[in-house]
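Visitor: Here it is, the structure in full.
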Amino acid sequence: MTRRDFGLTTALVVAFLGGLTADLTGQAAAAVCVDGGAPFRDAVRAIHEEQHNVGYAAAVMLGGSLVESVVGGLADLEHGVAVKPTSRFGTASVTKAITGGALLTLVERGLVDLDAPVHDLVPEYPAQERGVITIRHLLTHTSGIPHPQNRPPSLYATHYDDVIDAIEVFEDHTLLFEPGTALRYSSSNYNLLAAVIQRLMGERFQDYVKRAVLEPLGLEHTDFDDVRWVLPDRTRRYAYFDPWSYTSAERLHRIPGRWDYSFNPGGGNILSTAVDLVTFGNAFAEPGFFSRETLETAYSAIPVGDVETPWSFGWFATTDEAGRRRLHINGANPGLQSELTVYPDHDLVIAVLANSWGHGARSAEMVNTERFAARCMGWADPVP
């Protein structure tokens, strides 16, 4: 996945904006978000129907308070099970922000050196002739490890319990460039980063994430997916695109229930709800879970020599057209869409999830977050 979002995310945000008024800040803005709940729900439903999506959930947190949570459609089309607030959607690459947050807890405690060679910590990943890969390179997608392109059905039929075992998926891939000299997005970076965290902490990566991030934040409906087991409220996934070729289709595909994504533990295998995601995002909006000093570190892109990179601990750390800081990350794999955005200086967090690729919704740049924030906070509208 590259820097892309999806049609439902874009359209939901645009629709929500229409029901909000301008010239508001702080508590006034929060009141409008609450009072605008009915128009917001109507707008979400309209986009859902237009794109023929199956189910969705969205949430907004402002000033540390949940001011909007909306769900609609079906979690299971075949059995007519409706989406509910506790329905868990795949988050795909939004997982990277959670992995990055787990590493940031180690940075805050002085337990990790970003320039430490990865091979020293995880010798299962071979030393590379083209140069030394560091933790910094993994965080910023400047390692040169390619994104896995060849994904045969056998990959989705294999379960990896241990992040070290999942290294076999990319351990033989030739680096695209010398580490630290260029940027190329690759989920393999965050899967290797998961192995680094596991070695640093001496416990399973998944267990550390739960103990250090999910449980302290009270994310009761967030967990790593394991298709072998029954998990409460897991949504099924659907797409008007072939899951193998990504070509458009008139008939709705049901993504196989045994679609095992455990080869991507640090980069895309977490299930969550929209409310849990904005709760997680709020940990980056105001001090509490992290110190102010640590948050200031997270709000800036991690420097990598002469390479310009927008990445910071699993997020894109950028500014909008007015110079307002924001952290955002989006994700997809067949049958799911996800997006999480934080405006840290304004305590604004937005999450949108869908369990489908509807018509025209497979991939689209997330370009309307700025407009959403403008209408909610009373800022001038950004240039379309």
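Each chain in the structure tokens gets a letter, A, B, ..., in the order shown, and its residues are numbered from 1; ligands are numbered from 1 in order too.
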Set the distance at 12 Å and use only C-alpha atoms: which residues neighbour Met201 (chain A) once local chain neighbours fewer than 6 positions away are removed? I'd like the list as a list in words.
Guide: Ala102, Leu103, Thr105, Leu106, Leu111, Val112, Leu121, Ala194, Ala195, Asp207, Tyr208, Val209, Arg211 and Ala212 of chain A
Visitor: Could you give me, as a PyMOL selection string, each residue of region 146-337 of chain A that DSSP assigns to strand (DSSP E or B) when run on this structure's backbone?
Guide: chain A and resi 223-224+234+238-241+248-254+270-272+304+307+311-312+315-319+325-333+336-337
Visitor: Write out as number ranges by chain which residues come within 6 Å of region 67-72 of chain A when counting only C-alpha atoms, dropping same-chain ones fewer than 5 positions away.
Guide: A: 34, 55-61, 83
Visitor: What is the distance between CA of Arg130 (chain A) and CA of Thr142 (chain A), in Å to one decimal?
Guide: 12.7 Å
Visitor: Report, in Å with one decimal, the straight-line distance from CA of Leu336 (chain A) to CA of Asn189 (chain A).
Guide: 21.5 Å
Visitor: I'd like the interatomic distance between CA of Leu192 (chain A) and CA of Val118 (chain A), to a tenth of an Å.
Guide: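 Atom-to-atom, CA of Leu192 (chain A) to CA of Val118 (chain A), that is 8.4 Å.
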Visitor: Within 10 Å of region 242-249 of chain A, which residues of region 123-162 of chain A come that close, and what is the closest atom pair and distance in Å for each? Count only C-alpha atoms and give it as a Markdown table.
Guide:
| residue | atom | partner | partner_atom | distance |
| --- | --- | --- | --- | --- |
| A:Arg151 | CA | A:Trp244 | CA | 8.6 |
| A:Pro152 | CA | A:Trp244 | CA | 8.5 |
| A:Pro153 | CA | A:Trp244 | CA | 8.5 |
Visitor: Could the residues in this selection be saved with C-alpha atoms as an mmCIF file, in the first residue's frame?
Guide:
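Result file out27.cif:
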data_model
loop_
_atom_site.group_PDB
_atom_site.id
_atom_site.type_symbol
_atom_site.label_atom_id
_atom_site.label_comp_id
_atom_site.auth_asym_id
_atom_site.auth_seq_id
_atom_site.Cartn_x
_atom_site.Cartn_y
_atom_site.Cartn_z
ATOM 1 C CA ARG A 151 1.331 -12.683 -2.755
ATOM 2 C CA PRO A 152 0.205 -16.150 -3.857
ATOM 3 C CA PRO A 153 -2.838 -17.833 -2.293
#
Visitor: For region 252-267 of chain A, please output as a ChimeraX atom specification all residues within 8 Å (counting only C-alpha atoms; exclusion window: fewer than 4 positions along the same chain).
Guide: /A:92-96,99,155-161,163,166,169,187-194,224-228,236-243,334-335
Visitor: Between A:Thr235, A:Gly63, A:Lys84, A:His48, which residue has the minimum interatomic distance to Pro287 (chain A), considering only C-alpha atoms?
Guide: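 Among the listed residues, A:Gly63 lies closest to Pro287 (chain A).
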Visitor: Between A:Asn53, A:Ser338, A:Thr140, A:Thr134, which residue has the minimum interatomic distance to Phe313 (chain A), considering only C-alpha atoms?
Guide: A:Thr140
Visitor: Kindly indicate which residue among A:Pro344, A:Asn150, A:Glu308, A:Val196 lies nearest to Arg292 (chain A), using only C-alpha atoms for the distances.
Guide: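 Of all the options, A:Pro344 lies closest to Arg292 (chain A).
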Visitor: Just the residues within 9 Å of Gly180 (chain A), please, counting only C-alpha atoms, with nothing from its chain fewer than 2 positions along; format it as a ChimeraX atom specification.
Guide: /A:131,133-134,136-137,141-144,177-178,182-183,304-307
Visitor: Mind the document's chain letters and residue numbers, and return as number ranges by chain the residues of region 148-303 of chain A that DSSP labels helix (DSSP H, G or I).
Guide: A: 155-157, 165-169, 187-201, 205-214, 274-282, 292-298
Visitor: Need the shell around region 271-273 of chain A: protein/DNA/RNA residues with any atom at most 8 Å away, counting only C-alpha atoms. Skip same-chain ones fewer than 4 positions apart. Format as a list in words?
Guide: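 Non-adjacent residues within range: Ala57, Pro85, Thr86, Ser87, Arg88, Phe89, Gly90, Thr91, His221, Thr222, Asp223, Phe224, Asp225, Arg234, Leu277 and Leu353 of chain A.
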Visitor: Out of A:Ser356, A:Leu200, A:Asp115, A:Val107, which residue has the shortest atom-to-atom distance to Leu77 (chain A) when counting only C-alpha atoms?
Guide: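 Closest to Leu77 (chain A), using only C-alpha atoms: A:Ser356.
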